[in-house]
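**Q** Contents of data04.pdb (PDB, C-alpha atoms and all ligand atoms):
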```pdb
MODEL        1
ATOM      1  CA  MET A   1      19.807 -17.635   7.944
ATOM      2  CA  LYS A   2      21.696 -17.992  11.231
ATOM      3  CA  CYS A   3      20.926 -16.887  14.786
ATOM      4  CA  ARG A   4      22.870 -13.789  15.722
ATOM      5  CA  VAL A   5      23.677 -15.210  19.153
ATOM      6  CA  CYS A   6      24.435 -18.937  18.713
ATOM      7  CA  ARG A   7      24.825 -19.249  14.908
ATOM      8  CA  GLY A   8      22.221 -22.080  14.939
ATOM      9  CA  PRO A   9      19.375 -22.132  12.373
ATOM     10  CA  ALA A  10      17.247 -18.967  12.734
ATOM     11  CA  VAL A  11      13.434 -19.049  12.778
ATOM     12  CA  ILE A  12      12.806 -15.311  12.423
ATOM     13  CA  ASP A  13      14.485 -12.275  10.909
ATOM     14  CA  LEU A  14      14.109  -8.834  12.490
ATOM     15  CA  PRO A  15      15.250  -6.283   9.907
ATOM     16  CA  ARG A  16      14.867  -3.333  12.296
ATOM     17  CA  HIS A  17      17.486  -4.931  14.557
ATOM     18  CA  ASN A  18      19.474  -6.273  11.621
ATOM     19  CA  ALA A  19      19.261  -9.663  13.352
ATOM     20  CA  ASN A  20      17.974 -13.226  13.009
ATOM     21  CA  PHE A  21      17.229 -15.479  15.963
ATOM     22  CA  CYS A  22      16.724 -19.177  16.696
ATOM     23  CA  ALA A  23      13.638 -20.085  18.756
ATOM     24  CA  ASP A  24      15.401 -19.955  22.136
ATOM     25  CA  HIS A  25      17.125 -16.671  21.494
ATOM     26  CA  PHE A  26      13.992 -15.119  20.014
ATOM     27  CA  LEU A  27      12.079 -15.966  23.207
ATOM     28  CA  ARG A  28      14.943 -14.481  25.208
ATOM     29  CA  TYR A  29      14.812 -11.377  22.998
ATOM     30  CA  CYS A  30      11.067 -11.021  23.796
ATOM     31  CA  HIS A  31      11.770 -11.319  27.534
ATOM     32  CA  ASN A  32      14.501  -8.705  27.267
ATOM     33  CA  GLN A  33      12.312  -6.270  25.363
ATOM     34  CA  VAL A  34       9.487  -6.534  27.901
ATOM     35  CA  GLU A  35      11.863  -6.285  30.851
ATOM     36  CA  ARG A  36      13.450  -3.229  29.328
ATOM     37  CA  ALA A  37      10.071  -1.554  28.672
ATOM     38  CA  ILE A  38       9.002  -2.192  32.280
ATOM     39  CA  HIS A  39      12.303  -0.898  33.625
ATOM     40  CA  ASP A  40      12.820   2.109  31.327
ATOM     41  CA  HIS A  41       9.326   3.450  31.944
ATOM     42  CA  ALA A  42       9.036   2.400  35.614
ATOM     43  CA  MET A  43       5.856   0.458  34.842
ATOM     44  CA  LEU A  44       5.947  -2.003  37.743
ATOM     45  CA  ALA A  45       7.825  -2.335  41.008
ATOM     46  CA  PRO A  46       8.900  -5.695  42.486
ATOM     47  CA  GLY A  47       6.054  -7.567  44.169
ATOM     48  CA  GLU A  48       3.252  -5.580  42.561
ATOM     49  CA  ARG A  49       0.069  -7.333  41.400
ATOM     50  CA  VAL A  50      -1.029  -6.819  37.818
ATOM     51  CA  LEU A  51      -4.365  -7.247  36.068
ATOM     52  CA  VAL A  52      -3.968  -8.072  32.357
ATOM     53  CA  ALA A  53      -6.725  -7.073  29.938
ATOM     54  CA  VAL A  54      -7.158 -10.315  27.984
ATOM     55  CA  SER A  55      -8.994 -10.366  24.659
ATOM     56  CA  GLY A  56      -8.048 -13.882  23.537
ATOM     57  CA  GLY A  57      -5.853 -12.430  20.775
ATOM     58  CA  LYS A  58      -2.114 -12.892  20.350
ATOM     59  CA  ASP A  59      -0.975  -9.708  22.075
ATOM     60  CA  SER A  60      -2.861 -10.062  25.337
ATOM     61  CA  LEU A  61      -2.091 -13.774  25.691
ATOM     62  CA  ALA A  62       1.585 -13.187  24.876
ATOM     63  CA  LEU A  63       1.606 -10.404  27.465
ATOM     64  CA  TRP A  64       0.062 -12.590  30.156
ATOM     65  CA  ASP A  65       2.547 -15.360  29.372
ATOM     66  CA  LEU A  66       5.522 -12.989  29.347
ATOM     67  CA  LEU A  67       4.609 -11.328  32.636
ATOM     68  CA  GLY A  68       4.317 -14.751  34.279
ATOM     69  CA  ALA A  69       7.641 -15.867  32.801
ATOM     70  CA  LEU A  70       9.277 -12.734  34.180
ATOM     71  CA  GLY A  71       7.928 -13.464  37.661
ATOM     72  CA  TRP A  72       5.000 -11.067  37.978
ATOM     73  CA  GLU A  73       1.816 -12.064  39.759
ATOM     74  CA  ALA A  74      -0.704 -11.429  36.991
ATOM     75  CA  ASP A  75      -4.422 -12.239  36.797
ATOM     76  CA  GLY A  76      -6.484 -11.807  33.627
ATOM     77  CA  LEU A  77      -9.697  -9.951  32.894
ATOM     78  CA  TYR A  78     -11.872 -10.903  29.935
ATOM     79  CA  VAL A  79     -14.798  -8.700  28.908
ATOM     80  CA  GLY A  80     -17.521 -10.450  26.861
ATOM     81  CA  LEU A  81     -18.424  -7.903  24.191
ATOM     82  CA  GLY A  82     -21.209  -9.927  22.573
ATOM     83  CA  ILE A  83     -19.767  -9.690  19.056
ATOM     84  CA  GLY A  84     -21.271 -12.995  17.859
ATOM     85  CA  ASP A  85     -18.982 -15.958  17.088
ATOM     86  CA  TYR A  86     -15.946 -13.704  17.292
ATOM     87  CA  SER A  87     -16.533 -13.092  20.997
ATOM     88  CA  ASP A  88     -17.449 -16.727  21.669
ATOM     89  CA  VAL A  89     -14.181 -17.989  20.169
ATOM     90  CA  SER A  90     -12.110 -15.211  21.801
ATOM     91  CA  GLY A  91     -13.532 -16.105  25.218
ATOM     92  CA  GLU A  92     -12.713 -19.786  24.672
ATOM     93  CA  HIS A  93      -9.086 -18.968  23.911
ATOM     94  CA  ALA A  94      -8.797 -16.797  27.015
ATOM     95  CA  ARG A  95     -10.401 -19.456  29.233
ATOM     96  CA  ARG A  96      -8.302 -22.293  27.843
ATOM     97  CA  PHE A  97      -5.074 -20.317  28.242
ATOM     98  CA  ALA A  98      -5.933 -19.596  31.882
ATOM     99  CA  ALA A  99      -7.115 -23.137  32.670
ATOM    100  CA  ASP A 100      -4.047 -24.798  31.090
ATOM    101  CA  ARG A 101      -1.754 -22.693  33.268
ATOM    102  CA  SER A 102      -3.902 -22.544  36.412
ATOM    103  CA  LEU A 103      -4.161 -18.770  36.141
ATOM    104  CA  ARG A 104      -7.032 -16.678  37.466
ATOM    105  CA  LEU A 105      -9.306 -15.194  34.795
ATOM    106  CA  ILE A 106     -11.967 -12.707  35.886
ATOM    107  CA  GLU A 107     -14.875 -12.437  33.445
ATOM    108  CA  VAL A 108     -17.388  -9.649  32.909
ATOM    109  CA  ASP A 109     -20.107 -10.093  30.309
ATOM    110  CA  LEU A 110     -21.738  -6.944  28.904
ATOM    111  CA  ARG A 111     -24.991  -8.691  27.992
ATOM    112  CA  SER A 112     -25.564 -10.490  31.282
ATOM    113  CA  SER A 113     -24.324  -7.675  33.534
ATOM    114  CA  TYR A 114     -25.524  -4.570  31.669
ATOM    115  CA  ASP A 115     -28.139  -5.905  29.224
ATOM    116  CA  PHE A 116     -26.440  -4.726  26.040
ATOM    117  CA  ASP A 117     -23.625  -5.744  23.730
ATOM    118  CA  VAL A 118     -21.283  -3.843  21.410
ATOM    119  CA  PRO A 119     -23.246  -4.295  18.137
ATOM    120  CA  THR A 120     -26.450  -3.118  19.841
ATOM    121  CA  ALA A 121     -24.729  -0.163  21.497
ATOM    122  CA  ALA A 122     -23.268   0.872  18.126
ATOM    123  CA  ALA A 123     -26.687   0.679  16.456
ATOM    124  CA  VAL A 124     -28.450   2.604  19.217
ATOM    125  CA  THR A 125     -25.837   5.371  19.457
ATOM    126  CA  ARG A 126     -25.177   5.425  15.675
ATOM    127  CA  ARG A 127     -21.477   5.622  16.280
ATOM    128  CA  VAL A 128     -18.723   3.315  15.064
ATOM    129  CA  PRO A 129     -18.700   0.104  17.129
ATOM    130  CA  CYS A 130     -15.123   0.688  18.340
ATOM    131  CA  SER A 131     -16.297   3.823  20.123
ATOM    132  CA  ALA A 132     -18.874   2.029  22.327
ATOM    133  CA  CYS A 133     -16.543  -0.949  22.640
ATOM    134  CA  GLY A 134     -13.503   1.079  23.729
ATOM    135  CA  LEU A 135     -15.560   3.090  26.187
ATOM    136  CA  SER A 136     -17.005  -0.075  27.762
ATOM    137  CA  LYS A 137     -13.655  -1.848  27.959
ATOM    138  CA  ARG A 138     -11.889   1.133  29.531
ATOM    139  CA  HIS A 139     -14.607   1.522  32.135
ATOM    140  CA  LEU A 140     -14.732  -2.166  33.048
ATOM    141  CA  PHE A 141     -10.937  -2.558  33.097
ATOM    142  CA  ASP A 142     -10.571   0.436  35.408
ATOM    143  CA  LYS A 143     -13.327  -0.792  37.684
ATOM    144  CA  ALA A 144     -11.956  -4.343  37.915
ATOM    145  CA  ALA A 145      -8.419  -3.097  38.612
ATOM    146  CA  LEU A 146      -9.575  -0.764  41.382
ATOM    147  CA  ASP A 147     -12.096  -3.213  42.889
ATOM    148  CA  GLY A 148      -9.494  -5.987  42.912
ATOM    149  CA  GLY A 149      -6.821  -3.812  44.524
ATOM    150  CA  TYR A 150      -4.351  -4.386  41.677
ATOM    151  CA  ASP A 151      -1.325  -2.119  41.484
ATOM    152  CA  ALA A 152      -1.590  -1.749  37.708
ATOM    153  CA  MET A 153      -3.682  -2.624  34.707
ATOM    154  CA  ALA A 154      -1.646  -4.008  31.767
ATOM    155  CA  THR A 155      -2.784  -3.975  28.154
ATOM    156  CA  GLY A 156      -1.292  -5.728  25.122
ATOM    157  CA  HIS A 157      -0.722  -2.648  22.979
ATOM    158  CA  ASN A 158       2.330  -3.335  20.820
ATOM    159  CA  LEU A 159       4.642  -1.081  18.836
ATOM    160  CA  ASP A 160       2.412  -1.241  15.730
ATOM    161  CA  ASP A 161      -0.642  -0.185  17.764
ATOM    162  CA  GLU A 162       1.134   2.689  19.466
ATOM    163  CA  ALA A 163       2.791   3.950  16.279
ATOM    164  CA  ALA A 164      -0.567   3.840  14.443
ATOM    165  CA  VAL A 165      -2.380   5.740  17.204
ATOM    166  CA  LEU A 166       0.427   8.289  17.334
ATOM    167  CA  TYR A 167       0.303   8.702  13.565
ATOM    168  CA  GLY A 168      -3.454   9.328  13.695
ATOM    169  CA  ASN A 169      -3.143  11.798  16.556
ATOM    170  CA  VAL A 170      -0.386  13.701  14.755
ATOM    171  CA  LEU A 171      -2.316  13.809  11.484
ATOM    172  CA  ARG A 172      -5.149  15.566  13.315
ATOM    173  CA  TRP A 173      -2.977  17.321  15.928
ATOM    174  CA  GLN A 174      -5.076  15.909  18.735
ATOM    175  CA  THR A 175      -2.903  17.481  21.375
ATOM    176  CA  ALA A 176      -4.859  16.295  24.425
ATOM    177  CA  TYR A 177      -4.490  12.681  23.257
ATOM    178  CA  LEU A 178      -0.826  13.232  22.388
ATOM    179  CA  GLY A 179      -0.141  14.332  25.954
ATOM    180  CA  ARG A 180      -1.508  11.046  27.275
ATOM    181  CA  GLN A 181       0.152   8.713  24.792
ATOM    182  CA  ARG A 182       2.767   7.226  27.098
ATOM    183  CA  PRO A 183       3.758   3.627  27.815
ATOM    184  CA  VAL A 184       2.641   4.189  31.402
ATOM    185  CA  LEU A 185      -0.081   6.401  32.856
ATOM    186  CA  PRO A 186       0.121   6.927  36.618
ATOM    187  CA  ALA A 187      -2.799   6.149  38.915
ATOM    188  CA  GLY A 188      -4.894   9.017  40.171
ATOM    189  CA  ASN A 189      -8.180  10.861  39.912
ATOM    190  CA  GLY A 190     -10.114   7.580  40.198
ATOM    191  CA  PHE A 191      -8.086   5.714  37.577
ATOM    192  CA  PRO A 192      -5.658   2.812  38.107
ATOM    193  CA  ARG A 193      -2.093   2.907  36.756
ATOM    194  CA  LYS A 194      -2.027   1.691  33.160
ATOM    195  CA  VAL A 195       0.989   0.054  31.585
ATOM    196  CA  LYS A 196       1.852  -1.233  28.112
ATOM    197  CA  PRO A 197       4.752  -3.681  28.506
ATOM    198  CA  LEU A 198       4.681  -4.794  24.834
ATOM    199  CA  VAL A 199       5.563  -1.400  23.343
ATOM    200  CA  ARG A 200       8.994  -2.657  22.307
ATOM    201  CA  LEU A 201       7.569  -5.648  20.347
ATOM    202  CA  THR A 202       5.777  -5.572  16.987
ATOM    203  CA  GLU A 203       2.652  -7.584  16.245
ATOM    204  CA  ARG A 204       4.666  -9.906  14.009
ATOM    205  CA  GLU A 205       6.881 -10.586  17.000
ATOM    206  CA  THR A 206       4.009 -11.258  19.418
ATOM    207  CA  ALA A 207       2.468 -13.642  16.853
ATOM    208  CA  ALA A 208       5.798 -15.472  16.502
ATOM    209  CA  TYR A 209       6.106 -15.585  20.297
ATOM    210  CA  CYS A 210       2.684 -17.270  20.580
ATOM    211  CA  VAL A 211       3.512 -19.818  17.881
ATOM    212  CA  LEU A 212       6.818 -20.732  19.522
ATOM    213  CA  ARG A 213       5.206 -20.977  22.964
ATOM    214  CA  GLY A 214       2.291 -23.087  21.671
ATOM    215  CA  ILE A 215      -0.295 -20.445  22.590
ATOM    216  CA  ASP A 216      -3.593 -20.791  20.690
ATOM    217  CA  TYR A 217      -5.177 -17.440  20.029
ATOM    218  CA  GLN A 218      -8.066 -15.840  18.131
ATOM    219  CA  VAL A 219      -6.792 -15.410  14.569
ATOM    220  CA  GLU A 220      -9.946 -13.854  13.116
ATOM    221  CA  GLU A 221     -10.264 -10.107  12.888
ATOM    222  CA  CYS A 222     -13.131  -8.449  14.736
ATOM    223  CA  PRO A 223     -16.055  -8.187  12.280
ATOM    224  CA  MET A 224     -16.779  -4.702  13.601
ATOM    225  CA  ALA A 225     -13.275  -3.345  12.886
ATOM    226  CA  ALA A 226     -14.328  -1.929   9.502
ATOM    227  CA  GLY A 227     -14.204   1.842   9.777
ATOM    228  CA  ASN A 228     -11.397   1.660  12.314
ATOM    229  CA  ARG A 229      -8.891   4.175  10.943
ATOM    230  CA  HIS A 230      -5.947   2.547  12.645
ATOM    231  CA  LEU A 231      -5.943  -0.373  10.218
ATOM    232  CA  GLY A 232      -5.182   2.076   7.396
ATOM    233  CA  TYR A 233      -2.484   3.819   9.433
ATOM    234  CA  LYS A 234      -0.859   0.451  10.107
ATOM    235  CA  GLU A 235      -0.714  -0.275   6.378
ATOM    236  CA  VAL A 236       0.994   3.054   5.698
ATOM    237  CA  LEU A 237       3.486   2.521   8.513
ATOM    238  CA  ASN A 238       4.185  -1.056   7.392
ATOM    239  CA  GLU A 239       5.073   0.196   3.930
ATOM    240  CA  MET A 240       7.423   2.799   5.406
ATOM    241  CA  GLU A 241       8.947   0.159   7.665
ATOM    242  CA  ARG A 242       9.477  -2.147   4.690
ATOM    243  CA  ARG A 243      11.389   0.574   2.863
ATOM    244  CA  SER A 244      13.256   1.746   5.914
ATOM    245  CA  PRO A 245      13.397  -0.755   8.820
ATOM    246  CA  GLY A 246      13.272   0.914  12.229
ATOM    247  CA  THR A 247      10.938   3.732  11.154
ATOM    248  CA  LYS A 248       8.097   2.754  13.490
ATOM    249  CA  SER A 249      10.339   2.425  16.473
ATOM    250  CA  SER A 250      12.126   5.738  15.926
ATOM    251  CA  PHE A 251       8.792   7.495  15.278
ATOM    252  CA  TYR A 252       7.190   6.208  18.480
ATOM    253  CA  PHE A 253      10.154   6.243  20.859
ATOM    254  CA  GLY A 254      11.377   9.564  19.491
ATOM    255  CA  PHE A 255       8.003  10.986  20.466
ATOM    256  CA  VAL A 256       8.013   9.354  23.928
ATOM    257  CA  ASP A 257      11.600  10.425  24.657
ATOM    258  CA  ARG A 258      11.595  13.894  23.194
ATOM    259  CA  ALA A 259       8.110  15.269  22.561
ATOM    260  CA  VAL A 260       5.322  13.868  24.750
ATOM    261  CA  ASP A 261       6.044  16.252  27.645
ATOM    262  CA  ARG A 262       5.311  19.196  25.386
ATOM    263  CA  PHE A 263       1.714  18.025  25.237
ATOM    264  CA  ALA A 264       1.309  17.186  28.924
ATOM    265  CA  ASP A 265      -1.484  18.749  30.997
ATOM    266  CA  GLY A 266      -0.408  22.249  31.903
ATOM    267  CA  ALA A 267       1.942  22.609  28.937
ATOM    268  CA  PRO A 268       0.917  25.440  26.586
ATOM    269  CA  GLN A 269      -1.447  23.872  24.045
ATOM    270  CA  PRO A 270      -1.141  24.789  20.373
ATOM    271  CA  GLY A 271      -4.322  26.453  19.174
ATOM    272  CA  GLY A 272      -5.234  27.538  22.702
ATOM    273  CA  GLU A 273      -7.098  24.357  23.583
ATOM    274  CA  PRO A 274      -8.838  24.632  26.933
ATOM    275  CA  ALA A 275      -7.224  22.883  29.900
ATOM    276  CA  PRO A 276      -8.738  19.438  30.611
ATOM    277  CA  ALA A 277     -11.823  19.573  32.816
ATOM    278  CA  VAL A 278     -11.496  18.573  36.463
ATOM    279  CA  LEU A 279     -13.497  15.382  36.866
ATOM    280  CA  GLY A 280     -16.295  14.833  39.349
ATOM    281  CA  ARG A 281     -17.837  11.472  40.226
ATOM    282  CA  CYS A 282     -20.627   9.520  38.548
ATOM    283  CA  THR A 283     -23.645   9.514  40.854
ATOM    284  CA  ARG A 284     -24.472   5.937  39.841
ATOM    285  CA  CYS A 285     -21.165   4.049  39.818
ATOM    286  CA  GLY A 286     -18.657   6.458  41.390
ATOM    287  CA  ALA A 287     -16.323   6.469  38.366
ATOM    288  CA  PRO A 288     -14.714   9.755  37.239
ATOM    289  CA  ALA A 289     -17.306  11.746  35.260
ATOM    290  CA  GLU A 290     -17.649  15.060  33.476
ATOM    291  CA  SER A 291     -21.368  15.234  34.236
ATOM    292  CA  GLU A 292     -23.823  13.598  36.636
ATOM    293  CA  LEU A 293     -23.382  10.187  34.984
ATOM    294  CA  CYS A 294     -20.125   8.817  33.552
ATOM    295  CA  ALA A 295     -19.987   8.021  29.843
ATOM    296  CA  PHE A 296     -20.418   4.285  30.493
ATOM    297  CA  CYS A 297     -23.532   4.732  32.661
ATOM    298  CA  ARG A 298     -24.955   7.020  29.965
ATOM    299  CA  LEU A 299     -24.310   4.261  27.415
ATOM    300  CA  VAL A 300     -26.052   1.720  29.670
ATOM    301  CA  GLU A 301     -29.021   4.114  29.912
ATOM    302  CA  ARG A 302     -29.304   4.312  26.141
ATOM    303  CA  ALA A 303     -28.415   0.779  25.040
ATOM    304  CA  GLY A 304     -29.419  -1.363  28.028
ATOM    305  CA  GLY A 305     -32.454  -3.500  27.151
ATOM    306  CA  ALA A 306     -32.450  -2.498  23.462
ATOM    307  CA  GLU A 307     -33.357  -5.165  20.895
ATOM    308  CA  PRO A 308     -30.102  -7.071  20.024
ATOM    309  CA  VAL A 309     -28.839  -6.581  16.452
ATOM    310  CA  PRO A 310     -27.307  -9.400  14.356
ATOM    311  CA  VAL A 311     -23.545  -9.601  13.861
ATOM    312  CA  ALA A 312     -21.667 -10.303  10.612
ATOM    313  CA  PRO A 313     -19.319 -13.350  10.635
ATOM    314  CA  PRO A 314     -15.648 -12.756  11.501
ATOM    315  CA  ARG A 315     -13.212 -11.622   8.793
ATOM    316  CA  ARG A 316     -10.006 -13.560   8.366
ATOM    317  CA  ARG A 317      -6.880 -11.456   8.842
ATOM    318  CA  SER A 318      -5.123 -10.581   5.621
TER     319      SER A 318
HETATM  320  S1  LIG A 401     -13.054  -5.486  19.597
HETATM  321 FE1  LIG A 401     -14.061  -3.574  19.930
HETATM  322 FE2  LIG A 401     -11.691  -3.888  18.806
HETATM  323 FE3  LIG A 401     -13.879  -4.946  17.619
HETATM  324  S2  LIG A 401     -15.356  -3.341  18.114
HETATM  325 FE4  LIG A 401     -13.464  -2.266  17.636
HETATM  326  S3  LIG A 401     -12.524  -1.973  19.620
HETATM  327  S4  LIG A 401     -12.248  -3.801  16.601
HETATM  328  S5  LIG A 401      -9.713  -4.010  19.743
HETATM  329 ZN    ZN A 402      20.322 -18.866  18.964
HETATM  330 ZN    ZN A 403     -21.054   5.598  36.032
ENDMDL
END
```
Spell out the structure here as structure tokens.
Ligand code: Q46
Ligand code: ZN
Ligand code: ZN

**A**
Amino acid sequence: MKCRVCRGPAVIDLPRHNANFCADHFLRYCHNQVERAIHDHAMLAPGERVLVAVSGGKDSLALWDLLGALGWEADGLYVGLGIGDYSDVSGEHARRFAADRSLRLIEVDLRSSYDFDVPTAAAVTRRVPCSACGLSKRHLFDKAALDGGYDAMATGHNLDDEAAVLYGNVLRWQTAYLGRQRPVLPAGNGFPRKVKPLVRLTERETAAYCVLRGIDYQVEECPMAAGNRHLGYKEVLNEMERRSPGTKSSFYFGFVDRAVDRFADGAPQPGGEPAPAVLGRCTRCGAPAESELCAFCRLVERAGGAEPVPVAPPRRRS
């Protein structure tokens, strides 16, 4: 197996590009893909400050590393979710990455700041943990980005994540979500700009990037991921990709290039869905809200101070 560029020994094969790369040219490939995503979707302008949502996993640490390598001023934000050992180890990886590179990591801990954690919130609300978790992360990311005056909030969503979410939204024709599934969401209405610079890389590629760059990351799977539909969608898409390399990329980028505008706010909605509500402000925290309190403050009302529930040990990734 030889590198497509230099003909030296290759360390990775990328069937969807019909290419193999040596370590140096694979790292260059990753830089190029991220640069192209940022450029093609006008995610960031020169000199802008970025806040990276850091989980301690491969994608967010690869993203932070890549943005730095490409010259962006990027700080990290880690949210302590209180998911037992899984969160403890994830936090350690995030802190070590930042300390080793003298980067700034902002930390927010759900338990110490809001008196609840994700397992407790899931038990109290009787909803899947990812629902309370996603809601909390979105709220705290938005708040930190706005409070810190960052120009954009960057997340480590990769091509597999985006294709799986798109697949799920199409299966259920969730048109409001489809209209928002873009690699960049502009700032406005109390929200910061949100960008996904890894959309051109798969999770196998971000894992390989971390290994080649010597980045230690959380390899365990979140113990609360069971019931998360996206894992099943990823399996289906991986099988299709195996049979026909390039399927994920053409599915996702075909949608972004040719279909997402059809689902944008204001576009006629299939099934006569009502137009999205105009948001007011949360009377407690000032975040955008559909009622007196925003969804996060309502969650704090319900789960804050509740008896903590035990957490199952982490599951190793298959
Ligand atoms: S951390 Fe949170 Fe994920 Fe765990 S509870 Fe679900 S959303 S799976 S990225
Ligand atoms: Zn090479
Ligand atoms: Zn609020």

**Q** Return as a PyMOL selection string the set of residues that the PyMOL selection byres (((chain A and resi 152-165) around 7) and not hetatm) yields on the displayed structure.

**A** chain A and resi 49-53+59-60+63+145+150-151+166-169+192-196+198-203+230+233-234+248+252

**Q** Up to 8 Å from (-6.9, -14.8, 19.8) in the file's coordinates: name the residues, counting only C-alpha atoms, as a list in words.

**A**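 Every polymer residue passing the test: Ser55, Gly56, Gly57, Lys58, Leu61, Val89, Ser90, His93, Ala94, Asp216, Tyr217, Gln218, Val219 and Glu220 of chain A.
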
**Q** I'd like the neighbourhood of region 69-73 of chain A as a short mmCIF file (atom, residue, chain, number, x, y, z; two decimals) with C-alpha atoms, in the coordinates of the input, where a residue qualifies if any of its atoms comes within 12 Å (using all atoms listed in the file), though same-chain residues fewer than 4 positions away should be ignored.

**A**
```
data_model
loop_
_atom_site.label_atom_id
_atom_site.label_comp_id
_atom_site.auth_asym_id
_atom_site.auth_seq_id
_atom_site.Cartn_x
_atom_site.Cartn_y
_atom_site.Cartn_z
CA LEU A 27 12.08 -15.97 23.21
CA ARG A 28 14.94 -14.48 25.21
CA CYS A 30 11.07 -11.02 23.80
CA HIS A 31 11.77 -11.32 27.53
CA ASN A 32 14.50 -8.70 27.27
CA GLN A 33 12.31 -6.27 25.36
CA VAL A 34 9.49 -6.53 27.90
CA GLU A 35 11.86 -6.28 30.85
CA ARG A 36 13.45 -3.23 29.33
CA ILE A 38 9.00 -2.19 32.28
CA MET A 43 5.86 0.46 34.84
CA LEU A 44 5.95 -2.00 37.74
CA ALA A 45 7.82 -2.34 41.01
CA PRO A 46 8.90 -5.70 42.49
CA GLY A 47 6.05 -7.57 44.17
CA GLU A 48 3.25 -5.58 42.56
CA ARG A 49 0.07 -7.33 41.40
CA VAL A 50 -1.03 -6.82 37.82
CA LEU A 51 -4.36 -7.25 36.07
CA VAL A 52 -3.97 -8.07 32.36
CA ALA A 62 1.58 -13.19 24.88
CA LEU A 63 1.61 -10.40 27.46
CA TRP A 64 0.06 -12.59 30.16
CA ASP A 65 2.55 -15.36 29.37
CA ARG A 101 -1.75 -22.69 33.27
CA LEU A 103 -4.16 -18.77 36.14
CA ARG A 104 -7.03 -16.68 37.47
CA TYR A 150 -4.35 -4.39 41.68
CA ASP A 151 -1.32 -2.12 41.48
CA ALA A 152 -1.59 -1.75 37.71
CA ALA A 154 -1.65 -4.01 31.77
CA PRO A 197 4.75 -3.68 28.51
CA ARG A 213 5.21 -20.98 22.96
#
```

**Q** With ligand ZN 403 (chain A) as the partner and 10 Å as the cut-off, tabulate the residues of chain A that qualify, each row holding the nearest pair of atoms and their distance in Å to one decimal, using all atoms listed in the file, sorted by chain and rising number, as CSV.

**A**
```
residue,atom,partner,partner_atom,distance
A:His139,CA,A:ZN403,ZN,8.6
A:Arg281,CA,A:ZN403,ZN,7.9
A:Cys282,CA,A:ZN403,ZN,4.7
A:Thr283,CA,A:ZN403,ZN,6.7
A:Arg284,CA,A:ZN403,ZN,5.1
A:Cys285,CA,A:ZN403,ZN,4.1
A:Gly286,CA,A:ZN403,ZN,5.9
A:Ala287,CA,A:ZN403,ZN,5.3
A:Pro288,CA,A:ZN403,ZN,7.7
A:Ala289,CA,A:ZN403,ZN,7.2
A:Ser291,CA,A:ZN403,ZN,9.8
A:Glu292,CA,A:ZN403,ZN,8.5
A:Leu293,CA,A:ZN403,ZN,5.3
A:Cys294,CA,A:ZN403,ZN,4.2
A:Ala295,CA,A:ZN403,ZN,6.7
A:Phe296,CA,A:ZN403,ZN,5.7
A:Cys297,CA,A:ZN403,ZN,4.3
A:Arg298,CA,A:ZN403,ZN,7.4
A:Leu299,CA,A:ZN403,ZN,9.3
A:Val300,CA,A:ZN403,ZN,9.0
```

**Q** Could you give me the residues within 8 Å of ligand LIG 401 (chain A), counting all atoms listed in the file, as an MDAnalysis selection string?

**A** chainID A and resid 81 83 118:119 129:134 221:226 228

**Q** Ligand ZN 402 (chain A): which residues are within 9 Å, counting only C-alpha atoms and all ligand atoms? Reply as a short mmCIF file (atom, residue, chain, number, x, y, z; two decimals) with C-alpha atoms, keeping the file's coordinate frame.

**A**
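File written: result19.cif
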```
data_model
loop_
_atom_site.label_atom_id
_atom_site.label_comp_id
_atom_site.auth_asym_id
_atom_site.auth_seq_id
_atom_site.Cartn_x
_atom_site.Cartn_y
_atom_site.Cartn_z
CA LYS A 2 21.70 -17.99 11.23
CA CYS A 3 20.93 -16.89 14.79
CA ARG A 4 22.87 -13.79 15.72
CA VAL A 5 23.68 -15.21 19.15
CA CYS A 6 24.44 -18.94 18.71
CA ARG A 7 24.82 -19.25 14.91
CA GLY A 8 22.22 -22.08 14.94
CA PRO A 9 19.38 -22.13 12.37
CA ALA A 10 17.25 -18.97 12.73
CA ASN A 20 17.97 -13.23 13.01
CA PHE A 21 17.23 -15.48 15.96
CA CYS A 22 16.72 -19.18 16.70
CA ALA A 23 13.64 -20.08 18.76
CA ASP A 24 15.40 -19.95 22.14
CA HIS A 25 17.12 -16.67 21.49
CA PHE A 26 13.99 -15.12 20.01
#
```

**Q** Around region 227-233 of chain A, fit a box with edges along x, y and z, padding it by 5 Å on each side, then list its centre and edge lengths in Å to one decimal as JSON.

**A**
```
{"center_x": -8.3, "center_y": 1.9, "center_z": 10.0, "size_x": 21.7, "size_y": 14.5, "size_z": 15.2}
```

**Q** Around the point (-24.6, -5.0, 31.8) in the file's coordinates, collect all residues with an atom within 10 Å, using only C-alpha atoms, and return them as a VMD selection string.

**A** chain A and resid 108 to 117 136 297 300 303 to 305

**Q** Looking at all atoms listed in the file, which of A:Asp261, A:Asp85, A:Glu92, A:Asp75 is the one that sits closest to Leu105 (chain A)?

**A**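 Distance minimum relative to Leu105 (chain A) lands on A:Asp75.
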
**Q** One decimal, Å: what's the distance from CA of Gly179 (chain A) over to CA of Val260 (chain A), could you say?

**A** 5.6 Å

**Q** So which one's closest to Asn189 (chain A), A:Leu279, A:Leu135, A:Ala259, A:Leu66? Using all atoms listed in the file, please.

**A**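 Between A:Leu279, A:Leu135, A:Ala259, A:Leu66, the residue approaching Asn189 (chain A) most closely is A:Leu279.
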
**Q** Between CA of Leu212 (chain A) and CA of Ser87 (chain A), what distance in Å does the model show, to one decimal?

**A**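 CA of Ser87 (chain A) lies 24.6 Å from CA of Leu212 (chain A).
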
**Q** Have a look at CA of Lys137 (chain A) and CA of Val79 (chain A) and let me know their distance in Å, one decimal.

**A**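 Answer for the CA of Lys137 (chain A) to CA of Val79 (chain A) separation: 7.0 Å.
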